[in-house]
Amino acid sequence: MRRIFKTLCVTLFAVLPLAQSFAQNSADTVKEIERYRQMLADGNPADLTVARGEEVWQQKRGPKAQSLGSCDLGLGAGVVKGAYAQMPRYFADADKVMDVEQRLLHCQITLQGFNREELVKQPFGDGPEKKSTMEALVAYVTDESRGTIMNVSIAHPKAKENYELGKKLFFHRGGPHDFSCASCHASNNQRIRLQDLPNLLNKEFAQKAYGAWPAYCVSQGELRTMQHRLWDCYRQQRFPEPGYASDAITALTMYLAVNANGGKYDAPALKR
């Protein structure tokens, strides 16, 4: 017994310095990642996408040759300033809750006469020859809410129902790895490779994380919207990939947005 106890003590004293070293290295890694992000933030290519989105917003397009100048994002026809900070939201004219991408689809269809199937063929950009009009529009609309406070309402019964559905989706486990959104985003101090995994149930972390999307992803060379972010999460979980602008993604977005209420919106941001 003494020999076993002595062995355990020797092992413990040998492991403790390694554990301390690992903790220190982990803390140093976090600091270096943050420094890297600060260096990148000096010049955000998302600004170019924002400018392109503003041009698209003002252009007369589609079969009806109309601009999006009368598109109602929830604050009145043509009002863009601050609109995203209150989305997703219930829209009476469509009798449903919509996120910004669903609403932009709605406006392009009803005001400009576009066909929905054509609009959703390429919602995400893929290189210089395949730029996404939708990503540009989202960049412009979200940039107009920069600096405002997130204030998403679930007062309407359908908004409340949407929020509850999003909450269920956040905790729903499935797929070949039995993952849920909560598997990665319901605990503090988690990271995969060089990517922080914020605890989205923590108000402070939720505000910071949600308020930084959409974002220009340096590794992809594209601005990515919230629809893309959540679609990619499902892909990585090996779930069936949701269709673009699906009601499920809107519900999940609603849950995350409400969790971020009270935080300052600061996007489009820059990610690695």
# chains A, B, ... in the order shown; residues from 1 in each chain; ligands from 1
>>> residues_around(residues="region 218-225 of chain A", least_positions_apart="6", cutoff="7 Å", atoms="only C-alpha atoms", output="list in words")
Ala46, Gly125, Glu135, Lys271 and Arg272 of chain A
>>> write_last_selection(atoms="N, CA, C and O atoms", output="tab-separated table (two decimals), in the first residue's frame")
chain	number	residue	atom	x	y	z
A	46	ALA	N	-15.09	43.62	-45.26
A	46	ALA	CA	-16.56	43.67	-45.24
A	46	ALA	C	-17.07	45.03	-45.68
A	46	ALA	O	-18.19	45.15	-46.20
A	125	GLY	N	-21.72	33.48	-51.49
A	125	GLY	CA	-20.65	33.72	-52.45
A	125	GLY	C	-19.62	32.61	-52.47
A	125	GLY	O	-19.44	31.89	-51.49
A	135	GLU	N	-25.73	38.31	-49.73
A	135	GLU	CA	-24.73	38.63	-48.72
A	135	GLU	C	-24.41	40.12	-48.72
A	135	GLU	O	-24.19	40.72	-47.67
A	271	LYS	N	-13.64	37.78	-38.98
A	271	LYS	CA	-13.28	36.50	-38.37
A	271	LYS	C	-12.12	35.90	-39.16
A	271	LYS	O	-11.87	36.27	-40.30
A	272	ARG	N	-11.44	34.94	-38.54
A	272	ARG	CA	-10.28	34.33	-39.18
A	272	ARG	C	-10.72	33.48	-40.38
A	272	ARG	O	-11.82	33.09	-40.53
>>> residues_around(residues="region 165-169 of chain A", least_positions_apart="4", cutoff="12 Å", atoms="only C-alpha atoms", output="ChimeraX atom specification")
/A:88,97,158-161,173-174,179-182,200-201,230,234,247-259
>>> write_last_selection(atoms="C-alpha atoms", output="compact mmCIF listing (two decimals), in the first residue's frame")
# COMPACT_ATOMS: atom_id res chain seq x y z
CA PRO A 88 -36.09 38.52 -36.40
CA VAL A 97 -41.75 35.78 -38.20
CA LYS A 158 -46.06 34.00 -33.16
CA ALA A 159 -42.74 35.59 -32.14
CA LYS A 160 -42.95 33.85 -28.76
CA GLU A 161 -43.76 30.56 -30.49
CA ARG A 173 -29.51 16.23 -29.99
CA GLY A 174 -29.21 14.09 -33.09
CA PHE A 179 -24.67 16.59 -31.11
CA SER A 180 -26.78 19.65 -30.42
CA CYS A 181 -25.96 23.36 -30.56
CA ALA A 182 -25.63 23.15 -26.78
CA LEU A 200 -24.57 31.31 -25.72
CA LEU A 201 -26.56 30.77 -22.53
CA LEU A 230 -26.02 28.26 -38.70
CA TYR A 234 -25.54 21.91 -38.93
CA ASP A 247 -38.14 28.69 -40.84
CA ALA A 248 -36.03 26.45 -38.57
CA ILE A 249 -32.96 28.66 -39.04
CA THR A 250 -35.08 31.74 -38.38
CA ALA A 251 -36.37 30.21 -35.14
CA LEU A 252 -32.86 29.37 -33.99
CA THR A 253 -31.74 32.89 -34.89
CA MET A 254 -34.64 34.30 -32.87
CA TYR A 255 -33.55 32.33 -29.80
CA LEU A 256 -29.96 33.53 -30.11
CA ALA A 257 -30.99 37.13 -30.82
CA VAL A 258 -33.22 37.33 -27.75
CA ASN A 259 -30.40 35.92 -25.63
>>> closest_residue(among="A:Ser132, A:Asn162, A:Thr142, A:Gln86", to="Ala267 (chain A)", atoms="only C-alpha atoms")
A:Thr142
>>> select_by_dssp(residues="region 17-210 of chain A", states="alpha helix (DSSP H)", output="number ranges by chain")
A: 17-40, 46-58, 100-110, 116-119, 133-143, 157-171, 181-185, 203-210
>>> closest_residue(among="A:Ala212, A:Ala136, A:Leu270, A:Leu104", to="Glu55 (chain A)", atoms="only C-alpha atoms")
A:Ala136
>>> select_by_dssp(residues="region 120-198 of chain A", states="strand (DSSP E or B)", output="short mmCIF file (atom, residue, chain, number, x, y, z; two decimals) with N, CA and C atoms, in the first residue's frame")
data_model
loop_
_atom_site.label_atom_id
_atom_site.label_comp_id
_atom_site.auth_asym_id
_atom_site.auth_seq_id
_atom_site.Cartn_x
_atom_site.Cartn_y
_atom_site.Cartn_z
N ILE A 149 -28.48 49.05 -29.90
CA ILE A 149 -28.67 48.03 -28.88
C ILE A 149 -29.66 46.97 -29.37
N GLY A 174 -28.95 15.02 -32.00
CA GLY A 174 -29.21 14.09 -33.09
C GLY A 174 -28.01 13.94 -33.99
N PHE A 179 -25.01 15.22 -31.48
CA PHE A 179 -24.67 16.59 -31.11
C PHE A 179 -25.92 17.46 -31.07
N GLN A 190 -14.60 26.85 -23.71
CA GLN A 190 -14.42 25.76 -24.66
C GLN A 190 -13.86 26.33 -25.97
N ARG A 191 -13.05 25.53 -26.63
CA ARG A 191 -12.47 25.96 -27.90
C ARG A 191 -12.20 24.72 -28.74
N ILE A 192 -12.40 24.84 -30.04
CA ILE A 192 -12.04 23.78 -30.96
C ILE A 192 -11.00 24.33 -31.92
N GLN A 195 -10.63 28.13 -32.59
CA GLN A 195 -11.92 28.81 -32.57
C GLN A 195 -12.55 28.75 -31.18
N ASP A 196 -12.80 29.92 -30.59
CA ASP A 196 -13.52 29.97 -29.32
C ASP A 196 -14.95 29.48 -29.54
N LEU A 197 -15.49 28.82 -28.53
CA LEU A 197 -16.87 28.35 -28.56
C LEU A 197 -17.62 29.07 -27.44
#
>>> residues_around(residues="Val56 (chain A)", least_positions_apart="4", cutoff="8 Å", atoms="only C-alpha atoms", output="list in words")
Arg52, Thr133, Ala136 and Leu137 of chain A
>>> write_last_selection(atoms="C-alpha atoms", output="PDB file, in the first residue's frame")
ATOM      1  CA  ARG A  52     -21.871  46.914 -52.850  1.00  0.00           C
ATOM      2  CA  THR A 133     -26.204  39.669 -53.947  1.00  0.00           C
ATOM      3  CA  ALA A 136     -24.133  42.168 -49.982  1.00  0.00           C
ATOM      4  CA  LEU A 137     -27.654  43.278 -49.025  1.00  0.00           C
TER       5      LEU A 137
END
>>> closest_residue(among="A:Leu73, A:Met134, A:Val141, A:Ala65", to="Leu111 (chain A)", atoms="only C-alpha atoms")
A:Ala65
>>> atom_distance(atom1="CA of Ala206 (chain A)", atom2="CA of Asp143 (chain A)")
19.1 Å
>>> residues_around(residues="Ala85 (chain A)", least_positions_apart="4", cutoff="9 Å", atoms="only C-alpha atoms", output="mmCIF file with all heavy atoms, in the first residue's frame")
data_model
loop_
_atom_site.group_PDB
_atom_site.id
_atom_site.type_symbol
_atom_site.label_atom_id
_atom_site.label_comp_id
_atom_site.auth_asym_id
_atom_site.auth_seq_id
_atom_site.Cartn_x
_atom_site.Cartn_y
_atom_site.Cartn_z
ATOM 1 N N THR A 142 -27.207 45.241 -42.080
ATOM 2 C CA THR A 142 -26.660 45.055 -40.731
ATOM 3 C C THR A 142 -25.722 46.196 -40.338
ATOM 4 O O THR A 142 -25.698 46.619 -39.183
ATOM 5 C CB THR A 142 -25.924 43.707 -40.614
ATOM 6 O OG1 THR A 142 -24.933 43.600 -41.645
ATOM 7 C CG2 THR A 142 -26.902 42.546 -40.757
ATOM 8 N N SER A 145 -27.153 49.060 -38.540
ATOM 9 C CA SER A 145 -27.506 48.899 -37.128
ATOM 10 C C SER A 145 -26.277 48.906 -36.225
ATOM 11 O O SER A 145 -26.399 48.727 -35.004
ATOM 12 C CB SER A 145 -28.275 47.580 -36.913
ATOM 13 O OG SER A 145 -29.620 47.710 -37.305
ATOM 14 N N ARG A 146 -25.120 49.100 -36.793
ATOM 15 C CA ARG A 146 -23.892 49.104 -35.985
ATOM 16 C C ARG A 146 -23.979 50.179 -34.891
ATOM 17 O O ARG A 146 -24.330 51.333 -35.150
ATOM 18 C CB ARG A 146 -22.683 49.386 -36.873
ATOM 19 C CG ARG A 146 -21.345 49.239 -36.141
ATOM 20 C CD ARG A 146 -20.195 49.675 -37.028
ATOM 21 N NE ARG A 146 -20.027 48.802 -38.171
ATOM 22 C CZ ARG A 146 -19.313 47.677 -38.158
ATOM 23 N NH1 ARG A 146 -18.713 47.310 -37.043
ATOM 24 N NH2 ARG A 146 -19.189 46.946 -39.240
ATOM 25 N N THR A 148 -26.065 50.172 -32.381
ATOM 26 C CA THR A 148 -27.370 50.190 -31.715
ATOM 27 C C THR A 148 -27.484 49.010 -30.750
ATOM 28 O O THR A 148 -26.687 48.077 -30.788
ATOM 29 C CB THR A 148 -28.516 50.141 -32.738
ATOM 30 O OG1 THR A 148 -28.388 48.954 -33.542
ATOM 31 C CG2 THR A 148 -28.484 51.346 -33.664
ATOM 32 N N ILE A 149 -28.481 49.054 -29.895
ATOM 33 C CA ILE A 149 -28.675 48.026 -28.875
ATOM 34 C C ILE A 149 -29.661 46.973 -29.374
ATOM 35 O O ILE A 149 -30.729 47.309 -29.896
ATOM 36 C CB ILE A 149 -29.188 48.646 -27.562
ATOM 37 C CG1 ILE A 149 -28.193 49.703 -27.055
ATOM 38 C CG2 ILE A 149 -29.399 47.569 -26.510
ATOM 39 C CD1 ILE A 149 -26.800 49.178 -26.792
ATOM 40 N N MET A 150 -29.288 45.704 -29.226
ATOM 41 C CA MET A 150 -30.176 44.620 -29.624
ATOM 42 C C MET A 150 -31.458 44.668 -28.804
ATOM 43 O O MET A 150 -31.431 44.755 -27.576
ATOM 44 C CB MET A 150 -29.488 43.263 -29.425
ATOM 45 C CG MET A 150 -28.359 42.974 -30.388
ATOM 46 S SD MET A 150 -28.910 42.857 -32.118
ATOM 47 C CE MET A 150 -30.159 41.568 -32.000
ATOM 48 N N ASN A 151 -32.601 44.632 -29.511
ATOM 49 C CA ASN A 151 -33.900 44.748 -28.837
ATOM 50 C C ASN A 151 -34.946 43.961 -29.630
ATOM 51 O O ASN A 151 -35.824 44.527 -30.263
ATOM 52 C CB ASN A 151 -34.299 46.217 -28.711
ATOM 53 C CG ASN A 151 -35.598 46.408 -27.953
ATOM 54 O OD1 ASN A 151 -35.958 45.591 -27.110
ATOM 55 N ND2 ASN A 151 -36.315 47.479 -28.250
ATOM 56 N N VAL A 152 -34.828 42.646 -29.590
ATOM 57 C CA VAL A 152 -35.730 41.774 -30.344
ATOM 58 C C VAL A 152 -36.912 41.400 -29.462
ATOM 59 O O VAL A 152 -36.746 40.872 -28.361
ATOM 60 C CB VAL A 152 -34.982 40.509 -30.817
ATOM 61 C CG1 VAL A 152 -35.933 39.561 -31.533
ATOM 62 C CG2 VAL A 152 -33.829 40.896 -31.732
ATOM 63 N N ALA A 257 -30.861 35.670 -30.831
ATOM 64 C CA ALA A 257 -30.985 37.130 -30.818
ATOM 65 C C ALA A 257 -31.585 37.620 -29.503
ATOM 66 O O ALA A 257 -31.113 38.611 -28.922
ATOM 67 C CB ALA A 257 -31.837 37.597 -31.987
ATOM 68 N N ASN A 261 -30.167 40.234 -26.365
ATOM 69 C CA ASN A 261 -30.819 41.515 -26.115
ATOM 70 C C ASN A 261 -30.075 42.326 -25.062
ATOM 71 O O ASN A 261 -29.576 41.784 -24.067
ATOM 72 C CB ASN A 261 -32.263 41.299 -25.656
ATOM 73 C CG ASN A 261 -33.246 41.283 -26.807
ATOM 74 O OD1 ASN A 261 -32.900 41.629 -27.943
ATOM 75 N ND2 ASN A 261 -34.478 40.867 -26.538
ATOM 76 N N LYS A 264 -24.647 45.660 -27.403
ATOM 77 C CA LYS A 264 -24.420 46.568 -28.525
ATOM 78 C C LYS A 264 -24.075 45.765 -29.769
ATOM 79 O O LYS A 264 -23.196 44.909 -29.749
ATOM 80 C CB LYS A 264 -23.289 47.553 -28.216
ATOM 81 C CG LYS A 264 -23.101 48.598 -29.312
ATOM 82 C CD LYS A 264 -22.085 49.654 -28.917
ATOM 83 C CE LYS A 264 -20.669 49.132 -29.016
ATOM 84 N NZ LYS A 264 -19.661 50.203 -28.883
ATOM 85 N N TYR A 265 -24.772 46.063 -30.847
ATOM 86 C CA TYR A 265 -24.518 45.368 -32.105
ATOM 87 C C TYR A 265 -23.302 45.996 -32.791
ATOM 88 O O TYR A 265 -23.223 47.223 -32.915
ATOM 89 C CB TYR A 265 -25.751 45.450 -33.019
ATOM 90 C CG TYR A 265 -25.576 44.656 -34.288
ATOM 91 C CD1 TYR A 265 -25.579 43.271 -34.251
ATOM 92 C CD2 TYR A 265 -25.370 45.300 -35.493
ATOM 93 C CE1 TYR A 265 -25.391 42.532 -35.409
ATOM 94 C CE2 TYR A 265 -25.196 44.575 -36.649
ATOM 95 C CZ TYR A 265 -25.201 43.191 -36.594
ATOM 96 O OH TYR A 265 -24.996 42.469 -37.736
#
